[in-house]
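Peer 1: Data file start.txt (compact mmCIF, N, CA and C atoms) is appended below.
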```
# COMPACT_ATOMS: atom_id res chain seq x y z
N MET A 170 -7.82 -131.44 -48.74
CA MET A 170 -6.77 -130.72 -48.07
C MET A 170 -7.10 -130.66 -46.57
N MET A 171 -6.13 -130.87 -45.75
CA MET A 171 -6.31 -130.85 -44.31
C MET A 171 -6.20 -129.43 -43.78
N GLN A 172 -7.16 -129.00 -43.00
CA GLN A 172 -7.12 -127.66 -42.42
C GLN A 172 -6.62 -127.75 -41.00
N ILE A 173 -5.77 -126.80 -40.66
CA ILE A 173 -5.23 -126.73 -39.31
C ILE A 173 -5.87 -125.52 -38.64
N SER A 174 -6.44 -125.74 -37.46
CA SER A 174 -7.05 -124.60 -36.76
C SER A 174 -5.95 -123.68 -36.26
N GLU A 175 -6.21 -122.38 -36.38
CA GLU A 175 -5.23 -121.38 -35.97
C GLU A 175 -5.38 -121.08 -34.50
N SER A 176 -4.27 -121.15 -33.79
CA SER A 176 -4.29 -120.71 -32.40
C SER A 176 -4.11 -119.20 -32.39
N TYR A 177 -4.18 -118.61 -31.23
CA TYR A 177 -4.02 -117.15 -31.12
C TYR A 177 -2.67 -116.72 -31.66
N LYS A 178 -1.63 -117.45 -31.33
CA LYS A 178 -0.28 -117.09 -31.79
C LYS A 178 -0.17 -117.23 -33.30
N GLN A 179 -0.79 -118.24 -33.88
CA GLN A 179 -0.73 -118.41 -35.32
C GLN A 179 -1.46 -117.28 -36.04
N LYS A 180 -2.56 -116.81 -35.47
CA LYS A 180 -3.30 -115.71 -36.09
C LYS A 180 -2.45 -114.45 -36.16
N ASN A 181 -1.52 -114.30 -35.23
CA ASN A 181 -0.69 -113.11 -35.19
C ASN A 181 0.65 -113.29 -35.90
N SER A 182 0.83 -114.41 -36.61
CA SER A 182 2.09 -114.61 -37.31
C SER A 182 2.14 -113.73 -38.55
N LEU A 183 3.33 -113.34 -38.93
CA LEU A 183 3.51 -112.52 -40.11
C LEU A 183 3.05 -113.25 -41.37
N PHE A 184 3.34 -114.53 -41.43
CA PHE A 184 2.93 -115.34 -42.58
C PHE A 184 1.42 -115.31 -42.75
N ASN A 185 0.69 -115.51 -41.67
CA ASN A 185 -0.78 -115.49 -41.75
C ASN A 185 -1.30 -114.09 -42.05
N ALA A 186 -0.66 -113.06 -41.52
CA ALA A 186 -1.07 -111.68 -41.83
C ALA A 186 -0.88 -111.41 -43.32
N MET A 187 0.22 -111.88 -43.89
CA MET A 187 0.44 -111.69 -45.32
C MET A 187 -0.58 -112.47 -46.13
N ASN A 188 -0.89 -113.69 -45.71
CA ASN A 188 -1.90 -114.48 -46.42
C ASN A 188 -3.27 -113.82 -46.35
N ARG A 189 -3.63 -113.27 -45.18
CA ARG A 189 -4.93 -112.58 -45.07
C ARG A 189 -4.96 -111.38 -46.00
N PHE A 190 -3.86 -110.61 -46.04
CA PHE A 190 -3.81 -109.44 -46.91
C PHE A 190 -3.91 -109.85 -48.38
N ILE A 191 -3.11 -110.83 -48.78
CA ILE A 191 -3.13 -111.28 -50.17
C ILE A 191 -4.50 -111.83 -50.53
N GLY A 192 -5.13 -112.56 -49.62
CA GLY A 192 -6.48 -113.07 -49.86
C GLY A 192 -7.49 -111.94 -50.02
N ALA A 193 -7.38 -110.92 -49.18
CA ALA A 193 -8.31 -109.79 -49.27
C ALA A 193 -8.11 -109.04 -50.58
N VAL A 194 -6.87 -108.87 -51.01
CA VAL A 194 -6.61 -108.17 -52.28
C VAL A 194 -7.06 -109.04 -53.46
N ASN A 195 -6.85 -110.34 -53.38
CA ASN A 195 -7.35 -111.22 -54.45
C ASN A 195 -8.86 -111.15 -54.54
N ASN A 196 -9.54 -111.15 -53.40
CA ASN A 196 -11.00 -111.03 -53.37
C ASN A 196 -11.42 -109.69 -53.97
N MET A 197 -10.72 -108.62 -53.58
CA MET A 197 -11.00 -107.29 -54.13
C MET A 197 -10.82 -107.30 -55.64
N ASP A 198 -9.73 -107.90 -56.10
CA ASP A 198 -9.41 -107.93 -57.52
C ASP A 198 -10.45 -108.72 -58.31
N GLN A 199 -10.97 -109.80 -57.74
CA GLN A 199 -12.00 -110.60 -58.40
C GLN A 199 -13.36 -109.89 -58.38
N THR A 200 -13.61 -109.10 -57.35
CA THR A 200 -14.88 -108.39 -57.22
C THR A 200 -14.94 -107.17 -58.12
N VAL A 201 -13.85 -106.42 -58.17
CA VAL A 201 -13.82 -105.17 -58.94
C VAL A 201 -13.59 -105.52 -60.41
N MET A 202 -14.69 -105.58 -61.14
CA MET A 202 -14.62 -105.94 -62.55
C MET A 202 -14.27 -104.74 -63.44
N VAL A 203 -14.66 -103.56 -63.00
CA VAL A 203 -14.39 -102.35 -63.78
C VAL A 203 -13.71 -101.33 -62.86
N PRO A 204 -12.37 -101.43 -62.72
CA PRO A 204 -11.66 -100.53 -61.80
C PRO A 204 -11.86 -99.05 -62.09
N SER A 205 -12.10 -98.71 -63.34
CA SER A 205 -12.27 -97.29 -63.68
C SER A 205 -13.50 -96.68 -63.00
N LEU A 206 -14.45 -97.51 -62.57
CA LEU A 206 -15.60 -96.98 -61.82
C LEU A 206 -15.19 -96.42 -60.47
N LEU A 207 -14.01 -96.78 -60.01
CA LEU A 207 -13.53 -96.32 -58.71
C LEU A 207 -12.92 -94.92 -58.77
N ARG A 208 -12.66 -94.43 -59.98
CA ARG A 208 -12.05 -93.10 -60.12
C ARG A 208 -12.98 -92.04 -59.54
N ASP A 209 -12.39 -91.12 -58.83
CA ASP A 209 -13.09 -89.97 -58.23
C ASP A 209 -14.13 -90.36 -57.20
N VAL A 210 -14.14 -91.61 -56.74
CA VAL A 210 -15.03 -92.00 -55.64
C VAL A 210 -14.23 -91.80 -54.36
N PRO A 211 -14.67 -90.86 -53.51
CA PRO A 211 -13.87 -90.53 -52.31
C PRO A 211 -13.85 -91.68 -51.31
N LEU A 212 -12.80 -91.68 -50.54
CA LEU A 212 -12.67 -92.66 -49.46
C LEU A 212 -13.43 -92.17 -48.24
N ASP A 213 -14.24 -93.03 -47.67
CA ASP A 213 -14.98 -92.70 -46.44
C ASP A 213 -14.67 -93.72 -45.37
N ASP A 214 -13.41 -94.09 -45.25
CA ASP A 214 -13.06 -95.14 -44.31
C ASP A 214 -12.20 -94.64 -43.16
N ALA A 215 -12.32 -93.38 -42.80
CA ALA A 215 -11.53 -92.83 -41.69
C ALA A 215 -11.84 -93.58 -40.39
N GLU A 216 -13.12 -93.96 -40.22
CA GLU A 216 -13.49 -94.71 -39.01
C GLU A 216 -12.83 -96.07 -38.99
N ASP A 217 -12.76 -96.72 -40.17
CA ASP A 217 -12.12 -98.04 -40.26
C ASP A 217 -10.65 -97.93 -39.90
N LEU A 218 -9.98 -96.90 -40.42
CA LEU A 218 -8.56 -96.73 -40.12
C LEU A 218 -8.34 -96.45 -38.64
N LYS A 219 -9.21 -95.65 -38.02
CA LYS A 219 -9.07 -95.37 -36.59
C LYS A 219 -9.26 -96.64 -35.79
N ALA A 220 -10.23 -97.46 -36.18
CA ALA A 220 -10.48 -98.71 -35.45
C ALA A 220 -9.30 -99.65 -35.55
N VAL A 221 -8.74 -99.80 -36.76
CA VAL A 221 -7.60 -100.68 -36.93
C VAL A 221 -6.38 -100.11 -36.23
N SER A 222 -6.17 -98.80 -36.36
CA SER A 222 -5.03 -98.16 -35.72
C SER A 222 -5.10 -98.31 -34.21
N GLY A 223 -6.29 -98.12 -33.64
CA GLY A 223 -6.45 -98.27 -32.20
C GLY A 223 -6.25 -99.70 -31.76
N ALA A 224 -6.68 -100.66 -32.55
CA ALA A 224 -6.55 -102.07 -32.20
C ALA A 224 -5.10 -102.51 -32.20
N ASN A 225 -4.29 -101.93 -33.08
CA ASN A 225 -2.89 -102.32 -33.18
C ASN A 225 -1.98 -101.45 -32.33
N GLY A 226 -2.52 -100.38 -31.77
CA GLY A 226 -1.72 -99.51 -30.92
C GLY A 226 -0.71 -98.67 -31.69
N THR A 227 -0.95 -98.46 -32.98
CA THR A 227 -0.03 -97.66 -33.78
C THR A 227 -0.79 -96.53 -34.44
N ASN A 228 -0.05 -95.64 -35.02
CA ASN A 228 -0.68 -94.53 -35.72
C ASN A 228 -0.16 -94.49 -37.15
N GLY A 229 -0.44 -95.51 -37.93
CA GLY A 229 0.04 -95.59 -39.30
C GLY A 229 -1.01 -95.20 -40.31
N GLY A 230 -2.11 -94.62 -39.89
CA GLY A 230 -3.18 -94.24 -40.80
C GLY A 230 -2.76 -93.22 -41.82
N ALA A 231 -1.74 -92.42 -41.52
CA ALA A 231 -1.29 -91.38 -42.44
C ALA A 231 -0.80 -91.98 -43.75
N TYR A 232 -0.20 -93.16 -43.70
CA TYR A 232 0.28 -93.83 -44.90
C TYR A 232 -0.87 -94.10 -45.86
N LEU A 233 -1.96 -94.59 -45.33
CA LEU A 233 -3.10 -94.95 -46.17
C LEU A 233 -3.91 -93.73 -46.57
N GLN A 234 -3.86 -92.67 -45.79
CA GLN A 234 -4.66 -91.50 -46.11
C GLN A 234 -4.03 -90.64 -47.20
N GLN A 235 -2.81 -90.98 -47.64
CA GLN A 235 -2.18 -90.25 -48.73
C GLN A 235 -2.92 -90.48 -50.04
N VAL A 236 -3.60 -91.60 -50.15
CA VAL A 236 -4.31 -91.96 -51.37
C VAL A 236 -5.64 -91.24 -51.39
N GLY A 237 -5.98 -90.60 -52.53
CA GLY A 237 -7.13 -89.73 -52.58
C GLY A 237 -8.46 -90.38 -52.90
N ASP A 238 -8.50 -91.35 -53.80
CA ASP A 238 -9.77 -91.94 -54.18
C ASP A 238 -9.66 -93.46 -54.16
N MET A 239 -10.79 -94.12 -54.41
CA MET A 239 -10.82 -95.58 -54.33
C MET A 239 -9.95 -96.22 -55.42
N TYR A 240 -9.88 -95.61 -56.58
CA TYR A 240 -9.05 -96.16 -57.65
C TYR A 240 -7.58 -96.16 -57.26
N SER A 241 -7.11 -95.07 -56.67
CA SER A 241 -5.72 -95.00 -56.21
C SER A 241 -5.44 -96.05 -55.15
N SER A 242 -6.40 -96.25 -54.25
CA SER A 242 -6.26 -97.29 -53.22
C SER A 242 -6.19 -98.67 -53.86
N TYR A 243 -7.04 -98.90 -54.85
CA TYR A 243 -7.06 -100.18 -55.57
C TYR A 243 -5.70 -100.47 -56.19
N VAL A 244 -5.16 -99.49 -56.88
CA VAL A 244 -3.86 -99.65 -57.54
C VAL A 244 -2.76 -99.86 -56.50
N LEU A 245 -2.79 -99.10 -55.41
CA LEU A 245 -1.80 -99.23 -54.35
C LEU A 245 -1.83 -100.62 -53.72
N LEU A 246 -3.02 -101.11 -53.40
CA LEU A 246 -3.15 -102.42 -52.76
C LEU A 246 -2.65 -103.53 -53.69
N LYS A 247 -2.98 -103.45 -54.97
CA LYS A 247 -2.49 -104.46 -55.92
C LYS A 247 -0.98 -104.39 -56.06
N SER A 248 -0.43 -103.19 -56.05
CA SER A 248 1.01 -103.03 -56.15
C SER A 248 1.73 -103.63 -54.94
N ILE A 249 1.19 -103.39 -53.76
CA ILE A 249 1.80 -103.94 -52.54
C ILE A 249 1.70 -105.46 -52.56
N ARG A 250 0.56 -105.99 -52.98
CA ARG A 250 0.42 -107.46 -53.10
C ARG A 250 1.48 -108.02 -54.03
N ASN A 251 1.68 -107.38 -55.18
CA ASN A 251 2.69 -107.85 -56.12
C ASN A 251 4.09 -107.77 -55.53
N ASP A 252 4.38 -106.71 -54.77
CA ASP A 252 5.68 -106.59 -54.13
C ASP A 252 5.90 -107.71 -53.11
N ILE A 253 4.86 -108.08 -52.38
CA ILE A 253 4.99 -109.17 -51.41
C ILE A 253 5.20 -110.50 -52.13
N GLU A 254 4.46 -110.72 -53.20
CA GLU A 254 4.55 -112.01 -53.91
C GLU A 254 5.80 -112.16 -54.76
N TRP A 255 6.26 -111.07 -55.38
CA TRP A 255 7.36 -111.17 -56.34
C TRP A 255 8.63 -110.46 -55.92
N GLY A 256 8.59 -109.71 -54.85
CA GLY A 256 9.77 -108.97 -54.41
C GLY A 256 9.71 -107.54 -54.89
N VAL A 257 10.44 -106.69 -54.20
CA VAL A 257 10.35 -105.26 -54.48
C VAL A 257 11.34 -104.82 -55.54
N LEU A 258 12.56 -105.29 -55.45
CA LEU A 258 13.61 -104.80 -56.33
C LEU A 258 13.94 -105.79 -57.44
N GLN A 259 14.29 -105.28 -58.57
CA GLN A 259 14.67 -106.11 -59.70
C GLN A 259 16.04 -105.67 -60.23
N GLY A 260 16.85 -106.61 -60.69
CA GLY A 260 18.10 -106.36 -61.40
C GLY A 260 19.02 -105.34 -60.80
N GLU A 261 19.25 -104.25 -61.52
CA GLU A 261 20.22 -103.23 -61.13
C GLU A 261 19.84 -102.57 -59.81
N GLU A 262 18.54 -102.37 -59.58
CA GLU A 262 18.10 -101.78 -58.32
C GLU A 262 18.54 -102.64 -57.13
N ARG A 263 18.51 -103.96 -57.32
CA ARG A 263 18.88 -104.89 -56.25
C ARG A 263 20.36 -104.72 -55.89
N ARG A 264 21.22 -104.54 -56.89
CA ARG A 264 22.65 -104.36 -56.63
C ARG A 264 22.91 -103.06 -55.88
N LYS A 265 22.22 -101.98 -56.25
CA LYS A 265 22.38 -100.70 -55.55
C LYS A 265 21.94 -100.83 -54.11
N GLU A 266 20.82 -101.49 -53.90
CA GLU A 266 20.28 -101.68 -52.55
C GLU A 266 21.24 -102.52 -51.70
N LYS A 267 21.86 -103.52 -52.30
CA LYS A 267 22.78 -104.40 -51.57
C LYS A 267 23.95 -103.59 -51.02
N ALA A 268 24.49 -102.66 -51.79
CA ALA A 268 25.60 -101.83 -51.33
C ALA A 268 25.18 -100.98 -50.14
N VAL A 269 23.99 -100.42 -50.18
CA VAL A 269 23.48 -99.60 -49.09
C VAL A 269 23.25 -100.45 -47.85
N VAL A 270 22.72 -101.65 -48.03
CA VAL A 270 22.44 -102.54 -46.91
C VAL A 270 23.72 -102.95 -46.21
N VAL A 271 24.78 -103.23 -46.96
CA VAL A 271 26.05 -103.63 -46.37
C VAL A 271 26.59 -102.51 -45.49
N GLU A 272 26.51 -101.26 -45.95
CA GLU A 272 26.98 -100.13 -45.15
C GLU A 272 26.12 -99.96 -43.90
N ALA A 273 24.82 -100.07 -44.03
CA ALA A 273 23.92 -99.90 -42.90
C ALA A 273 24.06 -101.04 -41.89
N ALA A 274 24.29 -102.25 -42.38
CA ALA A 274 24.40 -103.41 -41.49
C ALA A 274 25.59 -103.28 -40.55
N ALA A 275 26.67 -102.75 -41.03
CA ALA A 275 27.85 -102.59 -40.19
C ALA A 275 27.56 -101.64 -39.03
N ALA A 276 26.77 -100.61 -39.29
CA ALA A 276 26.46 -99.62 -38.26
C ALA A 276 25.38 -100.08 -37.30
N GLU A 277 24.52 -101.02 -37.70
CA GLU A 277 23.35 -101.38 -36.90
C GLU A 277 23.40 -102.77 -36.28
N GLU A 278 24.51 -103.43 -36.31
CA GLU A 278 24.55 -104.83 -35.92
C GLU A 278 24.50 -105.05 -34.41
N ASP A 279 24.49 -104.00 -33.61
CA ASP A 279 24.56 -104.15 -32.17
C ASP A 279 23.31 -104.77 -31.55
N ASP A 280 22.11 -104.46 -32.02
CA ASP A 280 20.90 -105.02 -31.41
C ASP A 280 19.91 -105.48 -32.47
N LEU A 281 20.29 -106.52 -33.17
CA LEU A 281 19.47 -107.00 -34.30
C LEU A 281 18.13 -107.56 -33.85
N GLU A 282 18.09 -108.24 -32.73
CA GLU A 282 16.83 -108.83 -32.27
C GLU A 282 15.81 -107.74 -31.97
N LYS A 283 16.25 -106.68 -31.33
CA LYS A 283 15.35 -105.56 -31.01
C LYS A 283 14.83 -104.91 -32.29
N GLN A 284 15.71 -104.71 -33.26
CA GLN A 284 15.30 -104.12 -34.54
C GLN A 284 14.33 -105.04 -35.27
N PHE A 285 14.62 -106.34 -35.25
CA PHE A 285 13.75 -107.30 -35.91
C PHE A 285 12.34 -107.24 -35.33
N HIS A 286 12.22 -107.25 -34.02
CA HIS A 286 10.90 -107.22 -33.39
C HIS A 286 10.17 -105.90 -33.66
N PHE A 287 10.90 -104.81 -33.67
CA PHE A 287 10.31 -103.50 -33.99
C PHE A 287 9.72 -103.52 -35.40
N HIS A 288 10.50 -103.99 -36.37
CA HIS A 288 10.02 -103.99 -37.75
C HIS A 288 8.94 -105.05 -37.99
N LEU A 289 9.04 -106.17 -37.32
CA LEU A 289 8.02 -107.21 -37.44
C LEU A 289 6.68 -106.70 -36.94
N LYS A 290 6.70 -106.03 -35.79
CA LYS A 290 5.47 -105.47 -35.23
C LYS A 290 4.89 -104.41 -36.17
N GLY A 291 5.75 -103.57 -36.71
CA GLY A 291 5.29 -102.53 -37.64
C GLY A 291 4.72 -103.12 -38.92
N LEU A 292 5.39 -104.14 -39.46
CA LEU A 292 4.91 -104.78 -40.68
C LEU A 292 3.57 -105.46 -40.45
N HIS A 293 3.43 -106.10 -39.32
CA HIS A 293 2.17 -106.76 -38.99
C HIS A 293 1.04 -105.72 -38.89
N ALA A 294 1.32 -104.59 -38.26
CA ALA A 294 0.31 -103.53 -38.13
C ALA A 294 -0.09 -102.98 -39.49
N VAL A 295 0.88 -102.75 -40.35
CA VAL A 295 0.60 -102.22 -41.69
C VAL A 295 -0.19 -103.23 -42.50
N LEU A 296 0.17 -104.50 -42.43
CA LEU A 296 -0.57 -105.53 -43.17
C LEU A 296 -2.02 -105.61 -42.70
N SER A 297 -2.25 -105.46 -41.39
CA SER A 297 -3.62 -105.48 -40.87
C SER A 297 -4.41 -104.31 -41.43
N LYS A 298 -3.81 -103.14 -41.49
CA LYS A 298 -4.49 -101.96 -42.03
C LYS A 298 -4.77 -102.12 -43.52
N LEU A 299 -3.79 -102.66 -44.25
CA LEU A 299 -3.98 -102.86 -45.68
C LEU A 299 -5.07 -103.90 -45.96
N THR A 300 -5.14 -104.93 -45.13
CA THR A 300 -6.19 -105.94 -45.28
C THR A 300 -7.55 -105.30 -45.06
N CYS A 301 -7.65 -104.48 -44.04
CA CYS A 301 -8.90 -103.76 -43.76
C CYS A 301 -9.25 -102.85 -44.95
N LYS A 302 -8.25 -102.20 -45.50
CA LYS A 302 -8.45 -101.30 -46.63
C LYS A 302 -8.99 -102.07 -47.84
N ALA A 303 -8.42 -103.25 -48.13
CA ALA A 303 -8.88 -104.05 -49.26
C ALA A 303 -10.31 -104.52 -49.04
N ASN A 304 -10.63 -104.95 -47.83
CA ASN A 304 -12.00 -105.39 -47.54
C ASN A 304 -12.98 -104.23 -47.64
N THR A 305 -12.60 -103.07 -47.16
CA THR A 305 -13.46 -101.88 -47.24
C THR A 305 -13.69 -101.49 -48.70
N LEU A 306 -12.63 -101.51 -49.49
CA LEU A 306 -12.76 -101.15 -50.91
C LEU A 306 -13.68 -102.13 -51.62
N THR A 307 -13.57 -103.41 -51.32
CA THR A 307 -14.44 -104.41 -51.94
C THR A 307 -15.90 -104.15 -51.60
N THR A 308 -16.16 -103.88 -50.33
CA THR A 308 -17.52 -103.59 -49.88
C THR A 308 -18.05 -102.32 -50.53
N ARG A 309 -17.23 -101.28 -50.56
CA ARG A 309 -17.66 -100.01 -51.17
C ARG A 309 -17.94 -100.17 -52.65
N TYR A 310 -17.13 -100.97 -53.35
CA TYR A 310 -17.35 -101.21 -54.77
C TYR A 310 -18.70 -101.88 -54.98
N LYS A 311 -19.00 -102.87 -54.16
CA LYS A 311 -20.29 -103.56 -54.27
C LYS A 311 -21.44 -102.58 -54.04
N GLU A 312 -21.26 -101.66 -53.09
CA GLU A 312 -22.31 -100.67 -52.83
C GLU A 312 -22.44 -99.74 -54.03
N GLU A 313 -21.32 -99.32 -54.62
CA GLU A 313 -21.35 -98.39 -55.75
C GLU A 313 -22.06 -98.98 -56.96
N ILE A 314 -21.89 -100.28 -57.21
CA ILE A 314 -22.52 -100.87 -58.39
C ILE A 314 -23.88 -101.46 -58.06
N GLY A 315 -24.28 -101.36 -56.80
CA GLY A 315 -25.62 -101.82 -56.40
C GLY A 315 -25.71 -103.31 -56.18
N CYS A 316 -24.60 -103.93 -55.89
CA CYS A 316 -24.57 -105.37 -55.65
C CYS A 316 -24.43 -105.61 -54.15
N GLY A 317 -25.45 -106.17 -53.51
CA GLY A 317 -25.40 -106.44 -52.07
C GLY A 317 -24.91 -107.83 -51.82
N ASN A 318 -24.57 -108.10 -50.57
CA ASN A 318 -24.10 -109.45 -50.20
C ASN A 318 -25.25 -110.39 -50.04
```
Do you think you could lay out the structure here as structure tokens?
Peer 2:
Amino acid sequence: MMQISESYKQKNSLFNAMNRFIGAVNNMDQTVMVPSLLRDVPLDDAEDLKAVSGANGTNGGAYLQQVGDMYSSYVLLKSIRNDIEWGVLQGEERRKEKAVVVEAAAAEEDDLEKQFHFHLKGLHAVLSKLTCKANTLTTRYKEEIGCGN
């Protein structure tokens, strides 16, 4: 397989951010052999969230801090990965959402480019935080079971 070197712009693409996140969650999923060991293990990654939040210029750490223990984070990260890979809505939910979107689109069509860039930047920031979260959880799991790198 031919590898293409990533330029700075490619590293910041949404596609690559999603691939990094999915790769980190897949690595986490392959590393965590017994997810139940993560129950009641507190999260100690406030510094990691501050570092990522400061690097992206956003304050989205509150989203990730809602989760109480490592097991909840594990389940959340896998759920988000599945939503990215397979889509969020299924069947009847999709039809309900479509009706809401049509109503909202009529009201918001004035500056679509500005909205797109706002949401793209936010999604990229959240994906970076989630990737960091998956990598932190993988490292913490290895520490908990006594497996070093």
Peer 1: Measuring between only C-alpha atoms, which one of A:Leu289, A:Ile253, A:Met197, A:Ala186 shows the shortest distance to Lys311 in chain A?
Peer 2: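 Closest candidate: A:Met197.
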Peer 1: Nearest to Val194 in chain A: which of A:Leu207, A:Thr300, A:Asp280, A:Glu313 is it, counting only N, CA and C atoms?
Peer 2: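 Once distances to Val194 in chain A are computed over only N, CA and C atoms, the minimum belongs to A:Thr300.
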Peer 1: Using Å and a single decimal, report how far CA of Val201 in chain A sits from CA of Gly237 in chain A.
Peer 2: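 Between CA of Gly237 in chain A and CA of Val201 in chain A the gap works out to 18.0 Å.
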Peer 1: In Å, how far is it from atom N of Lys247 in chain A to atom N of Gly291 in chain A?
Peer 2: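 Rounded to one decimal, the two atoms are 20.2 Å apart.
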Peer 1: Record the distance separating CA of Arg189 in chain A and atom N of Lys302 in chain A, expressed in Å with one decimal.
Peer 2: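 Result for CA of Arg189 in chain A versus atom N of Lys302 in chain A: 10.9 Å, one decimal.
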Peer 1: Which is closest to Met187 in chain A among A:Thr200, A:Ser297, A:Ser248, A:Ser242, if we use only C-alpha atoms?
Peer 2: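 That would be A:Ser297, the residue with the smallest distance to Met187 in chain A.
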